[in-house]
>>> print(open('data_15.pdb').read())   # PDB, C-alpha atoms, pLDDT in the B column
ATOM      1  CA  MET A   1     -17.083  -8.170   9.194  1.00 88.00           C
ATOM      2  CA  ILE A   2     -14.860  -5.189   8.471  1.00 93.00           C
ATOM      3  CA  ASP A   3     -14.105  -5.714   4.771  1.00 95.00           C
ATOM      4  CA  LEU A   4     -12.402  -2.582   3.418  1.00 97.00           C
ATOM      5  CA  VAL A   5     -10.785  -1.459   0.173  1.00 96.00           C
ATOM      6  CA  PHE A   6      -8.332   1.458   0.258  1.00 96.00           C
ATOM      7  CA  LEU A   7      -8.204   3.548  -2.928  1.00 95.00           C
ATOM      8  CA  GLY A   8      -5.949   6.395  -4.013  1.00 92.00           C
ATOM      9  CA  PRO A   9      -2.924   7.047  -6.215  1.00 89.00           C
ATOM     10  CA  PRO A  10       0.459   5.455  -5.443  1.00 84.00           C
ATOM     11  CA  GLY A  11       1.925   7.414  -2.535  1.00 84.00           C
ATOM     12  CA  ALA A  12      -1.439   8.479  -1.078  1.00 89.00           C
ATOM     13  CA  GLY A  13      -0.526   6.716   2.179  1.00 87.00           C
ATOM     14  CA  LYS A  14      -2.746   3.654   1.821  1.00 89.00           C
ATOM     15  CA  GLY A  15      -0.092   1.280   3.141  1.00 85.00           C
ATOM     16  CA  THR A  16       0.781   3.477   6.117  1.00 87.00           C
ATOM     17  CA  TYR A  17      -2.866   3.866   7.125  1.00 92.00           C
ATOM     18  CA  ALA A  18      -3.562   0.172   6.607  1.00 92.00           C
ATOM     19  CA  LYS A  19      -0.662  -0.928   8.836  1.00 89.00           C
ATOM     20  CA  LYS A  20      -1.871   1.350  11.637  1.00 92.00           C
ATOM     21  CA  LEU A  21      -5.491   0.226  11.318  1.00 94.00           C
ATOM     22  CA  ARG A  22      -4.435  -3.410  11.190  1.00 93.00           C
ATOM     23  CA  GLU A  23      -3.184  -3.043  14.774  1.00 92.00           C
ATOM     24  CA  ILE A  24      -6.296  -1.187  15.937  1.00 92.00           C
ATOM     25  CA  LEU A  25      -8.927  -3.355  14.220  1.00 93.00           C
ATOM     26  CA  GLY A  26      -7.151  -6.713  14.409  1.00 93.00           C
ATOM     27  CA  ILE A  27      -7.636  -7.543  10.727  1.00 94.00           C
ATOM     28  CA  PRO A  28      -4.935  -8.217   8.103  1.00 95.00           C
ATOM     29  CA  HIS A  29      -3.542  -5.595   5.741  1.00 94.00           C
ATOM     30  CA  ILE A  30      -3.307  -7.171   2.301  1.00 93.00           C
ATOM     31  CA  SER A  31      -1.080  -5.256  -0.103  1.00 89.00           C
ATOM     32  CA  THR A  32      -0.871  -6.744  -3.575  1.00 86.00           C
ATOM     33  CA  GLY A  33       2.213  -4.583  -4.157  1.00 83.00           C
ATOM     34  CA  ASP A  34       3.945  -6.127  -1.137  1.00 85.00           C
ATOM     35  CA  ILE A  35       2.958  -9.622  -2.281  1.00 87.00           C
ATOM     36  CA  PHE A  36       4.429  -9.008  -5.729  1.00 88.00           C
ATOM     37  CA  ARG A  37       7.592  -7.306  -4.419  1.00 87.00           C
ATOM     38  CA  GLU A  38       8.198 -10.264  -2.095  1.00 88.00           C
ATOM     39  CA  ALA A  39       7.718 -12.642  -5.009  1.00 88.00           C
ATOM     40  CA  VAL A  40      10.234 -10.643  -7.087  1.00 90.00           C
ATOM     41  CA  ALA A  41      12.759 -10.595  -4.223  1.00 88.00           C
ATOM     42  CA  ASN A  42      12.392 -14.361  -3.739  1.00 89.00           C
ATOM     43  CA  GLY A  43      12.689 -15.074  -7.464  1.00 89.00           C
ATOM     44  CA  THR A  44       9.479 -17.117  -7.601  1.00 88.00           C
ATOM     45  CA  GLU A  45       7.632 -17.882 -10.835  1.00 85.00           C
ATOM     46  CA  LEU A  46       5.128 -15.170  -9.939  1.00 87.00           C
ATOM     47  CA  GLY A  47       8.011 -12.762  -9.286  1.00 90.00           C
ATOM     48  CA  LYS A  48       9.571 -13.446 -12.665  1.00 90.00           C
ATOM     49  CA  LYS A  49       6.248 -12.717 -14.392  1.00 89.00           C
ATOM     50  CA  VAL A  50       5.535  -9.416 -12.657  1.00 87.00           C
ATOM     51  CA  LYS A  51       9.039  -7.915 -12.293  1.00 90.00           C
ATOM     52  CA  PRO A  52       9.291  -6.290 -15.751  1.00 90.00           C
ATOM     53  CA  ILE A  53       5.684  -5.088 -15.523  1.00 86.00           C
ATOM     54  CA  MET A  54       6.223  -3.409 -12.151  1.00 83.00           C
ATOM     55  CA  GLU A  55       9.512  -1.800 -13.205  1.00 82.00           C
ATOM     56  CA  SER A  56       7.784  -0.204 -16.208  1.00 81.00           C
ATOM     57  CA  GLY A  57       5.031   1.281 -14.017  1.00 74.00           C
ATOM     58  CA  GLU A  58       2.282  -0.682 -15.804  1.00 79.00           C
ATOM     59  CA  LEU A  59      -0.481  -2.747 -14.162  1.00 78.00           C
ATOM     60  CA  VAL A  60      -0.138  -6.480 -13.500  1.00 85.00           C
ATOM     61  CA  PRO A  61      -2.771  -8.361 -15.602  1.00 87.00           C
ATOM     62  CA  ASP A  62      -6.136  -8.980 -13.938  1.00 90.00           C
ATOM     63  CA  GLU A  63      -6.000 -12.770 -14.116  1.00 88.00           C
ATOM     64  CA  ILE A  64      -2.762 -12.851 -12.104  1.00 90.00           C
ATOM     65  CA  VAL A  65      -3.895 -10.331  -9.487  1.00 90.00           C
ATOM     66  CA  ASN A  66      -7.378 -11.834  -9.056  1.00 92.00           C
ATOM     67  CA  LYS A  67      -5.949 -15.273  -8.325  1.00 87.00           C
ATOM     68  CA  VAL A  68      -3.452 -13.870  -5.787  1.00 87.00           C
ATOM     69  CA  VAL A  69      -6.223 -11.950  -3.988  1.00 91.00           C
ATOM     70  CA  ARG A  70      -8.687 -14.853  -3.970  1.00 90.00           C
ATOM     71  CA  ASP A  71      -6.043 -17.148  -2.473  1.00 87.00           C
ATOM     72  CA  ARG A  72      -5.173 -14.560   0.185  1.00 91.00           C
ATOM     73  CA  LEU A  73      -8.778 -13.822   1.208  1.00 93.00           C
ATOM     74  CA  SER A  74      -9.383 -17.537   1.770  1.00 91.00           C
ATOM     75  CA  LYS A  75      -6.844 -17.587   4.629  1.00 92.00           C
ATOM     76  CA  PRO A  76      -8.207 -17.987   8.197  1.00 94.00           C
ATOM     77  CA  ASP A  77      -6.904 -14.589   9.367  1.00 94.00           C
ATOM     78  CA  CYS A  78      -9.399 -12.859   7.036  1.00 94.00           C
ATOM     79  CA  GLU A  79     -12.470 -14.253   8.799  1.00 93.00           C
ATOM     80  CA  LYS A  80     -13.174 -11.039  10.739  1.00 92.00           C
ATOM     81  CA  GLY A  81     -12.290  -8.739   7.864  1.00 94.00           C
ATOM     82  CA  PHE A  82      -9.424  -7.320   5.828  1.00 95.00           C
ATOM     83  CA  ILE A  83      -7.948  -4.132   4.404  1.00 96.00           C
ATOM     84  CA  LEU A  84      -7.142  -4.434   0.699  1.00 95.00           C
ATOM     85  CA  ASP A  85      -4.467  -1.985  -0.430  1.00 90.00           C
ATOM     86  CA  GLY A  86      -3.583  -1.708  -4.124  1.00 83.00           C
ATOM     87  CA  TYR A  87      -6.533  -3.799  -5.285  1.00 90.00           C
ATOM     88  CA  PRO A  88      -8.850  -3.460  -7.115  1.00 94.00           C
ATOM     89  CA  ARG A  89      -7.070  -1.241  -9.647  1.00 86.00           C
ATOM     90  CA  THR A  90      -9.558  -1.665 -12.496  1.00 88.00           C
ATOM     91  CA  VAL A  91     -13.354  -1.868 -12.701  1.00 92.00           C
ATOM     92  CA  ALA A  92     -12.957  -5.453 -13.920  1.00 93.00           C
ATOM     93  CA  GLN A  93     -11.001  -6.264 -10.739  1.00 93.00           C
ATOM     94  CA  ALA A  94     -13.655  -4.525  -8.614  1.00 96.00           C
ATOM     95  CA  LYS A  95     -16.337  -6.702 -10.190  1.00 96.00           C
ATOM     96  CA  ALA A  96     -14.157  -9.781  -9.664  1.00 95.00           C
ATOM     97  CA  LEU A  97     -13.785  -8.852  -5.972  1.00 96.00           C
ATOM     98  CA  ASP A  98     -17.576  -8.526  -5.644  1.00 96.00           C
ATOM     99  CA  GLU A  99     -17.917 -12.040  -7.038  1.00 96.00           C
ATOM    100  CA  MET A 100     -15.216 -13.404  -4.700  1.00 94.00           C
ATOM    101  CA  LEU A 101     -16.929 -11.910  -1.667  1.00 96.00           C
ATOM    102  CA  LYS A 102     -20.347 -13.121  -2.816  1.00 96.00           C
ATOM    103  CA  ASP A 103     -18.941 -16.648  -3.146  1.00 95.00           C
ATOM    104  CA  MET A 104     -17.676 -16.319   0.447  1.00 94.00           C
ATOM    105  CA  GLY A 105     -21.038 -15.060   1.714  1.00 94.00           C
ATOM    106  CA  ARG A 106     -19.772 -11.601   2.570  1.00 94.00           C
ATOM    107  CA  GLU A 107     -19.955  -8.023   1.236  1.00 94.00           C
ATOM    108  CA  LEU A 108     -17.619  -5.055   1.102  1.00 95.00           C
ATOM    109  CA  MET A 109     -18.152  -2.558   3.915  1.00 95.00           C
ATOM    110  CA  TRP A 110     -16.484   0.511   2.330  1.00 96.00           C
ATOM    111  CA  ALA A 111     -14.143   1.551  -0.440  1.00 97.00           C
ATOM    112  CA  ILE A 112     -12.247   4.478   1.082  1.00 97.00           C
ATOM    113  CA  LEU A 113     -10.585   6.993  -1.250  1.00 96.00           C
ATOM    114  CA  PHE A 114      -7.581   8.887   0.118  1.00 95.00           C
ATOM    115  CA  ASP A 115      -7.485  12.070  -1.932  1.00 92.00           C
ATOM    116  CA  VAL A 116      -3.980  13.521  -2.599  1.00 91.00           C
ATOM    117  CA  PRO A 117      -2.841  15.847  -5.471  1.00 92.00           C
ATOM    118  CA  GLU A 118      -0.268  14.623  -8.038  1.00 92.00           C
ATOM    119  CA  ASP A 119       2.524  17.040  -7.018  1.00 92.00           C
ATOM    120  CA  VAL A 120       2.269  15.917  -3.382  1.00 92.00           C
ATOM    121  CA  ILE A 121       2.406  12.290  -4.552  1.00 92.00           C
ATOM    122  CA  VAL A 122       5.564  12.893  -6.604  1.00 94.00           C
ATOM    123  CA  GLN A 123       7.292  14.660  -3.712  1.00 92.00           C
ATOM    124  CA  ARG A 124       6.392  11.879  -1.274  1.00 88.00           C
ATOM    125  CA  ILE A 125       7.463   8.948  -3.438  1.00 91.00           C
ATOM    126  CA  THR A 126      10.651  10.332  -4.984  1.00 94.00           C
ATOM    127  CA  ASN A 127      11.974  11.050  -1.494  1.00 93.00           C
ATOM    128  CA  ARG A 128      11.291   7.506  -0.290  1.00 92.00           C
ATOM    129  CA  ARG A 129      14.300   5.296   0.473  1.00 94.00           C
ATOM    130  CA  VAL A 130      14.483   1.655   1.540  1.00 95.00           C
ATOM    131  CA  CYS A 131      17.009  -0.414   3.455  1.00 94.00           C
ATOM    132  CA  PRO A 132      18.032  -3.312   1.161  1.00 93.00           C
ATOM    133  CA  LYS A 133      18.788  -5.475   4.182  1.00 92.00           C
ATOM    134  CA  CYS A 134      15.820  -5.112   6.601  1.00 92.00           C
ATOM    135  CA  GLY A 135      13.274  -3.407   4.342  1.00 89.00           C
ATOM    136  CA  ARG A 136      12.794  -0.417   6.654  1.00 90.00           C
ATOM    137  CA  ILE A 137      11.299   2.552   4.766  1.00 89.00           C
ATOM    138  CA  TYR A 138      12.395   6.171   5.176  1.00 92.00           C
ATOM    139  CA  ASN A 139      11.402   9.489   3.635  1.00 89.00           C
ATOM    140  CA  LEU A 140      14.119  12.105   3.187  1.00 91.00           C
ATOM    141  CA  ILE A 141      11.636  14.872   4.056  1.00 86.00           C
ATOM    142  CA  THR A 142       9.173  13.457   6.599  1.00 81.00           C
ATOM    143  CA  ASN A 143      11.095  10.521   8.110  1.00 85.00           C
ATOM    144  CA  PRO A 144      14.832  10.809   7.328  1.00 93.00           C
ATOM    145  CA  PRO A 145      17.474   8.406   8.678  1.00 94.00           C
ATOM    146  CA  LYS A 146      19.575   9.629  11.609  1.00 94.00           C
ATOM    147  CA  GLU A 147      22.727   9.400   9.498  1.00 93.00           C
ATOM    148  CA  ASP A 148      22.796  10.594   5.902  1.00 90.00           C
ATOM    149  CA  ASN A 149      21.485   7.809   3.618  1.00 91.00           C
ATOM    150  CA  LEU A 150      22.226   5.036   6.154  1.00 95.00           C
ATOM    151  CA  CYS A 151      19.676   2.695   7.739  1.00 96.00           C
ATOM    152  CA  ASP A 152      19.280   3.442  11.465  1.00 95.00           C
ATOM    153  CA  VAL A 153      19.267  -0.296  12.245  1.00 94.00           C
ATOM    154  CA  CYS A 154      21.567  -1.965   9.697  1.00 95.00           C
ATOM    155  CA  LYS A 155      23.919   0.960   8.958  1.00 94.00           C
ATOM    156  CA  VAL A 156      23.935   0.077   5.250  1.00 95.00           C
ATOM    157  CA  PRO A 157      23.312   2.569   2.403  1.00 96.00           C
ATOM    158  CA  LEU A 158      19.652   3.130   1.555  1.00 96.00           C
ATOM    159  CA  ILE A 159      18.379   2.610  -1.984  1.00 96.00           C
ATOM    160  CA  GLN A 160      15.672   4.139  -4.129  1.00 94.00           C
ATOM    161  CA  ARG A 161      13.377   1.549  -5.694  1.00 89.00           C
ATOM    162  CA  GLU A 162      13.129   1.695  -9.493  1.00 87.00           C
ATOM    163  CA  ASP A 163       9.382   2.343  -9.256  1.00 84.00           C
ATOM    164  CA  ASP A 164      10.015   5.312  -6.901  1.00 91.00           C
ATOM    165  CA  LYS A 165      11.864   7.396  -9.521  1.00 91.00           C
ATOM    166  CA  GLU A 166      10.040  10.486 -10.819  1.00 92.00           C
ATOM    167  CA  GLU A 167       9.455   9.369 -14.395  1.00 92.00           C
ATOM    168  CA  VAL A 168       7.973   6.071 -13.178  1.00 90.00           C
ATOM    169  CA  VAL A 169       5.928   7.813 -10.455  1.00 91.00           C
ATOM    170  CA  ARG A 170       4.338  10.163 -12.974  1.00 92.00           C
ATOM    171  CA  ARG A 171       3.669   7.252 -15.340  1.00 90.00           C
ATOM    172  CA  ARG A 172       2.057   5.325 -12.459  1.00 87.00           C
ATOM    173  CA  TYR A 173      -0.099   8.352 -11.687  1.00 90.00           C
ATOM    174  CA  ARG A 174      -1.259   8.525 -15.321  1.00 90.00           C
ATOM    175  CA  VAL A 175      -2.009   4.791 -15.250  1.00 85.00           C
ATOM    176  CA  TYR A 176      -3.947   5.321 -12.013  1.00 86.00           C
ATOM    177  CA  MET A 177      -6.060   8.107 -13.539  1.00 89.00           C
ATOM    178  CA  GLU A 178      -6.750   6.069 -16.675  1.00 88.00           C
ATOM    179  CA  TYR A 179      -7.465   2.649 -15.180  1.00 82.00           C
ATOM    180  CA  THR A 180      -7.977   2.959 -11.429  1.00 83.00           C
ATOM    181  CA  PHE A 181      -9.839   6.240 -10.979  1.00 89.00           C
ATOM    182  CA  PRO A 182     -12.912   4.729 -12.733  1.00 92.00           C
ATOM    183  CA  VAL A 183     -13.028   2.263  -9.805  1.00 94.00           C
ATOM    184  CA  VAL A 184     -13.917   5.267  -7.634  1.00 95.00           C
ATOM    185  CA  GLY A 185     -16.963   5.881  -9.820  1.00 96.00           C
ATOM    186  CA  TYR A 186     -17.878   2.201  -9.688  1.00 97.00           C
ATOM    187  CA  TYR A 187     -17.992   2.135  -5.886  1.00 97.00           C
ATOM    188  CA  ASP A 188     -19.692   5.531  -5.760  1.00 97.00           C
ATOM    189  CA  SER A 189     -22.508   4.206  -7.979  1.00 97.00           C
ATOM    190  CA  LYS A 190     -22.960   1.268  -5.571  1.00 96.00           C
ATOM    191  CA  GLY A 191     -23.108   3.532  -2.489  1.00 96.00           C
ATOM    192  CA  LYS A 192     -19.885   2.020  -1.150  1.00 96.00           C
ATOM    193  CA  LEU A 193     -17.505   4.988  -1.549  1.00 97.00           C
ATOM    194  CA  GLN A 194     -16.185   7.205   1.243  1.00 96.00           C
ATOM    195  CA  LYS A 195     -13.627  10.005   0.746  1.00 95.00           C
ATOM    196  CA  VAL A 196     -10.900  11.036   3.200  1.00 96.00           C
ATOM    197  CA  ASP A 197      -8.455  13.927   2.686  1.00 94.00           C
ATOM    198  CA  GLY A 198      -5.050  12.227   2.504  1.00 92.00           C
ATOM    199  CA  THR A 199      -3.146  15.420   3.361  1.00 90.00           C
ATOM    200  CA  ILE A 200      -4.517  16.025   6.889  1.00 91.00           C
ATOM    201  CA  GLY A 201      -1.936  13.899   8.720  1.00 87.00           C
ATOM    202  CA  LEU A 202      -1.777  10.311   9.927  1.00 88.00           C
ATOM    203  CA  ASP A 203      -3.684  10.641  13.206  1.00 92.00           C
ATOM    204  CA  LYS A 204      -6.573  12.590  11.679  1.00 94.00           C
ATOM    205  CA  VAL A 205      -6.856  10.180   8.754  1.00 94.00           C
ATOM    206  CA  ILE A 206      -7.005   7.202  11.126  1.00 94.00           C
ATOM    207  CA  GLU A 207      -9.662   8.999  13.179  1.00 94.00           C
ATOM    208  CA  GLU A 208     -11.782   9.592  10.054  1.00 94.00           C
ATOM    209  CA  VAL A 209     -11.552   5.945   8.968  1.00 95.00           C
ATOM    210  CA  LEU A 210     -12.500   4.686  12.444  1.00 94.00           C
ATOM    211  CA  LYS A 211     -15.560   6.941  12.382  1.00 93.00           C
ATOM    212  CA  LEU A 212     -16.627   5.328   9.107  1.00 92.00           C
ATOM    213  CA  VAL A 213     -16.166   1.824  10.481  1.00 90.00           C
ATOM    214  CA  ASP A 214     -18.079   2.603  13.687  1.00 82.00           C
ATOM    215  CA  LYS A 215     -20.855   4.354  11.741  1.00 53.00           C
ATOM    216  CA  ASP A 216     -21.302   1.243   9.629  1.00 55.00           C
ATOM    217  CA  LYS A 217     -21.289  -1.054  12.661  1.00 52.00           C
ATOM    218  CA  VAL A 218     -24.126   0.800  14.383  1.00 39.00           C
ATOM    219  CA  SER A 219     -26.246   1.543  11.321  1.00 37.00           C
TER     220      SER A 219
END
>>> encode(input="data_15.pdb", output="structure tokens")
Amino acid sequence: MIDLVFLGPPGAGKGTYAKKLREILGIPHISTGDIFREAVANGTELGKKVKPIMESGELVPDEIVNKVVRDRLSKPDCEKGFILDGYPRTVAQAKALDEMLKDMGRELMWAILFDVPEDVIVQRITNRRVCPKCGRIYNLITNPPKEDNLCDVCKVPLIQREDDKEEVVRRRYRVYMEYTFPVVGYYDSKGKLQKVDGTIGLDKVIEEVLKLVDKDKVS
């Protein structure tokens, strides 16, 4: 099984890498952030609980996230493996994930840390824009729309998510360093951590991750 956790600050590229690897490896990309944003957009009970937390840049409580992840990992499409993006964000969540996997008779392959400096993170995220209609994501620097601030597909004005504004991004980075960075140490102490430079470009990052997966398969 290819059971992977992607670690790194918000904006490190975890989601982009996971979507690409999902196609290559044939395993689902599970983003807790996407799950919560969908719940907020749909106005579900879960969405109502997490909306104010997400908008403030704080972490969603462990008991909520753990239940969402456990339910998702029990789905049939996770039988061959998964890529978890945005979870675990605390050592307590990492321990909870270990217990979940143990209950399922499986074990994490790797926790992969994508290393990116804070200033690069801020530049990446604050320039991100989203189409409110189709959800397509742009970056004003690296992937701008063809027409100024208009979605290429829907031709409607792009928006900046509340949690993509600089003050929230920097707060999220501080929260990451305080609560999530210790998760790196947790996986390192268990011999499960691998580091990849998140600034080397998409293709090279994907190549590095595939090497890690293949190395584990043959070892």
>>> closest_residue(input="data_15.pdb", among="A:Ile112, A:Leu84, A:Ala94, A:Val68", to="Arg22 of chain A", atoms="only C-alpha atoms")
A:Leu84
>>> closest_residue(input="data_15.pdb", among="A:Gly26, A:Gly33, A:Gly198, A:Gly185", to="Val120 of chain A", atoms="all atoms listed in the file")
A:Gly198
>>> residues_around(input="data_15.pdb", residues="Met109 of chain A", least_positions_apart="3", cutoff="9 Å", atoms="only C-alpha atoms", output="ChimeraX atom specification")
/A:1-5,192,213,216
>>> write_last_selection(input="data_15.pdb", atoms="C-alpha atoms", output="PDB file, keeping the file's coordinate frame")
ATOM      1  CA  MET A   1     -17.083  -8.170   9.194  1.00 88.00           C
ATOM      2  CA  ILE A   2     -14.860  -5.189   8.471  1.00 93.00           C
ATOM      3  CA  ASP A   3     -14.105  -5.714   4.771  1.00 95.00           C
ATOM      4  CA  LEU A   4     -12.402  -2.582   3.418  1.00 97.00           C
ATOM      5  CA  VAL A   5     -10.785  -1.459   0.173  1.00 96.00           C
ATOM      6  CA  LYS A 192     -19.885   2.020  -1.150  1.00 96.00           C
ATOM      7  CA  VAL A 213     -16.166   1.824  10.481  1.00 90.00           C
ATOM      8  CA  ASP A 216     -21.302   1.243   9.629  1.00 55.00           C
TER       9      ASP A 216
END
>>> closest_residue(input="data_15.pdb", among="A:Tyr187, A:Phe36, A:Phe114, A:Tyr138", to="Gln93 of chain A", atoms="only C-alpha atoms")
A:Tyr187
>>> resolve_selection(input="data_15.pdb", expression="the PyMOL selection byres ((chain A and resi 97) around 9)", output="count of residues only")
16
>>> resolve_selection(input="data_15.pdb", expression="the PyMOL selection byres ((chain A and resi 6) around 12)", output="MDAnalysis selection string")
chainID A and resid 3:5 7:10 12:19 21 29:32 82:89 94 108:115 180 183:184 187 192:196 198 209
>>> write_last_selection(input="data_15.pdb", atoms="C-alpha atoms", output="mmCIF file, keeping the file's coordinate frame")
data_model
loop_
_atom_site.group_PDB
_atom_site.id
_atom_site.type_symbol
_atom_site.label_atom_id
_atom_site.label_comp_id
_atom_site.auth_asym_id
_atom_site.auth_seq_id
_atom_site.Cartn_x
_atom_site.Cartn_y
_atom_site.Cartn_z
ATOM 1 C CA ASP A 3 -14.105 -5.714 4.771
ATOM 2 C CA LEU A 4 -12.402 -2.582 3.418
ATOM 3 C CA VAL A 5 -10.785 -1.459 0.173
ATOM 4 C CA LEU A 7 -8.204 3.548 -2.928
ATOM 5 C CA GLY A 8 -5.949 6.395 -4.013
ATOM 6 C CA PRO A 9 -2.924 7.047 -6.215
ATOM 7 C CA PRO A 10 0.459 5.455 -5.443
ATOM 8 C CA ALA A 12 -1.439 8.479 -1.078
ATOM 9 C CA GLY A 13 -0.526 6.716 2.179
ATOM 10 C CA LYS A 14 -2.746 3.654 1.821
ATOM 11 C CA GLY A 15 -0.092 1.280 3.141
ATOM 12 C CA THR A 16 0.781 3.477 6.117
ATOM 13 C CA TYR A 17 -2.866 3.866 7.125
ATOM 14 C CA ALA A 18 -3.562 0.172 6.607
ATOM 15 C CA LYS A 19 -0.662 -0.928 8.836
ATOM 16 C CA LEU A 21 -5.491 0.226 11.318
ATOM 17 C CA HIS A 29 -3.542 -5.595 5.741
ATOM 18 C CA ILE A 30 -3.307 -7.171 2.301
ATOM 19 C CA SER A 31 -1.080 -5.256 -0.103
ATOM 20 C CA THR A 32 -0.871 -6.744 -3.575
ATOM 21 C CA PHE A 82 -9.424 -7.320 5.828
ATOM 22 C CA ILE A 83 -7.948 -4.132 4.404
ATOM 23 C CA LEU A 84 -7.142 -4.434 0.699
ATOM 24 C CA ASP A 85 -4.467 -1.985 -0.430
ATOM 25 C CA GLY A 86 -3.583 -1.708 -4.124
ATOM 26 C CA TYR A 87 -6.533 -3.799 -5.285
ATOM 27 C CA PRO A 88 -8.850 -3.460 -7.115
ATOM 28 C CA ARG A 89 -7.070 -1.241 -9.647
ATOM 29 C CA ALA A 94 -13.655 -4.525 -8.614
ATOM 30 C CA LEU A 108 -17.619 -5.055 1.102
ATOM 31 C CA MET A 109 -18.152 -2.558 3.915
ATOM 32 C CA TRP A 110 -16.484 0.511 2.330
ATOM 33 C CA ALA A 111 -14.143 1.551 -0.440
ATOM 34 C CA ILE A 112 -12.247 4.478 1.082
ATOM 35 C CA LEU A 113 -10.585 6.993 -1.250
ATOM 36 C CA PHE A 114 -7.581 8.887 0.118
ATOM 37 C CA ASP A 115 -7.485 12.070 -1.932
ATOM 38 C CA THR A 180 -7.977 2.959 -11.429
ATOM 39 C CA VAL A 183 -13.028 2.263 -9.805
ATOM 40 C CA VAL A 184 -13.917 5.267 -7.634
ATOM 41 C CA TYR A 187 -17.992 2.135 -5.886
ATOM 42 C CA LYS A 192 -19.885 2.020 -1.150
ATOM 43 C CA LEU A 193 -17.505 4.988 -1.549
ATOM 44 C CA GLN A 194 -16.185 7.205 1.243
ATOM 45 C CA LYS A 195 -13.627 10.005 0.746
ATOM 46 C CA VAL A 196 -10.900 11.036 3.200
ATOM 47 C CA GLY A 198 -5.050 12.227 2.504
ATOM 48 C CA VAL A 209 -11.552 5.945 8.968
#
>>> closest_residue(input="data_15.pdb", among="A:Val50, A:Val116, A:Met104, A:Cys154", to="Ile200 of chain A", atoms="only C-alpha atoms")
A:Val116
>>> resolve_selection(input="data_15.pdb", expression="the PyMOL selection byres ((chain A and resi 57) around 6)", output="list in words")
Met54, Glu55, Ser56, Glu58, Val168 and Arg172 of chain A
>>> closest_residue(input="data_15.pdb", among="A:Lys80, A:Gly135, A:Asp71, A:Glu167", to="Asp152 of chain A", atoms="only C-alpha atoms")
A:Gly135
>>> build_atoms(input="data_15.pdb", residues="segment 127-140 of chain A", atoms="N, CA and C atoms", output="PDB file, in the coordinates of the input")
ATOM      1  N   ASN A 127      11.114  10.900  -2.676  1.00 93.00           N
ATOM      2  CA  ASN A 127      11.974  11.050  -1.494  1.00 93.00           C
ATOM      3  C   ASN A 127      11.970   9.808  -0.604  1.00 93.00           C
ATOM      4  N   ARG A 128      11.327   8.743  -1.069  1.00 92.00           N
ATOM      5  CA  ARG A 128      11.291   7.506  -0.290  1.00 92.00           C
ATOM      6  C   ARG A 128      12.569   6.700  -0.528  1.00 92.00           C
ATOM      7  N   ARG A 129      13.126   6.151   0.551  1.00 94.00           N
ATOM      8  CA  ARG A 129      14.300   5.296   0.473  1.00 94.00           C
ATOM      9  C   ARG A 129      14.061   4.035   1.302  1.00 94.00           C
ATOM     10  N   VAL A 130      14.702   2.959   0.896  1.00 95.00           N
ATOM     11  CA  VAL A 130      14.483   1.655   1.540  1.00 95.00           C
ATOM     12  C   VAL A 130      15.806   1.018   1.919  1.00 95.00           C
ATOM     13  N   CYS A 131      15.825   0.355   3.072  1.00 94.00           N
ATOM     14  CA  CYS A 131      17.009  -0.414   3.455  1.00 94.00           C
ATOM     15  C   CYS A 131      16.982  -1.743   2.705  1.00 94.00           C
ATOM     16  N   PRO A 132      18.027  -2.060   1.925  1.00 93.00           N
ATOM     17  CA  PRO A 132      18.032  -3.312   1.161  1.00 93.00           C
ATOM     18  C   PRO A 132      18.174  -4.553   2.038  1.00 93.00           C
ATOM     19  N   LYS A 133      18.566  -4.343   3.291  1.00 92.00           N
ATOM     20  CA  LYS A 133      18.788  -5.475   4.182  1.00 92.00           C
ATOM     21  C   LYS A 133      17.539  -5.821   5.003  1.00 92.00           C
ATOM     22  N   CYS A 134      16.963  -4.820   5.710  1.00 92.00           N
ATOM     23  CA  CYS A 134      15.820  -5.112   6.601  1.00 92.00           C
ATOM     24  C   CYS A 134      14.481  -4.646   6.040  1.00 92.00           C
ATOM     25  N   GLY A 135      14.513  -3.857   4.956  1.00 89.00           N
ATOM     26  CA  GLY A 135      13.274  -3.407   4.342  1.00 89.00           C
ATOM     27  C   GLY A 135      12.649  -2.176   4.976  1.00 89.00           C
ATOM     28  N   ARG A 136      13.315  -1.615   5.989  1.00 90.00           N
ATOM     29  CA  ARG A 136      12.794  -0.417   6.654  1.00 90.00           C
ATOM     30  C   ARG A 136      12.685   0.727   5.643  1.00 90.00           C
ATOM     31  N   ILE A 137      11.561   1.482   5.726  1.00 89.00           N
ATOM     32  CA  ILE A 137      11.299   2.552   4.766  1.00 89.00           C
ATOM     33  C   ILE A 137      11.483   3.921   5.413  1.00 89.00           C
ATOM     34  N   TYR A 138      12.163   4.807   4.707  1.00 92.00           N
ATOM     35  CA  TYR A 138      12.395   6.171   5.176  1.00 92.00           C
ATOM     36  C   TYR A 138      11.856   7.159   4.144  1.00 92.00           C
ATOM     37  N   ASN A 139      11.694   8.414   4.564  1.00 89.00           N
ATOM     38  CA  ASN A 139      11.402   9.489   3.635  1.00 89.00           C
ATOM     39  C   ASN A 139      12.356  10.633   3.959  1.00 89.00           C
ATOM     40  N   LEU A 140      13.083  11.094   2.955  1.00 91.00           N
ATOM     41  CA  LEU A 140      14.119  12.105   3.187  1.00 91.00           C
ATOM     42  C   LEU A 140      13.562  13.413   3.750  1.00 91.00           C
TER      43      LEU A 140
END
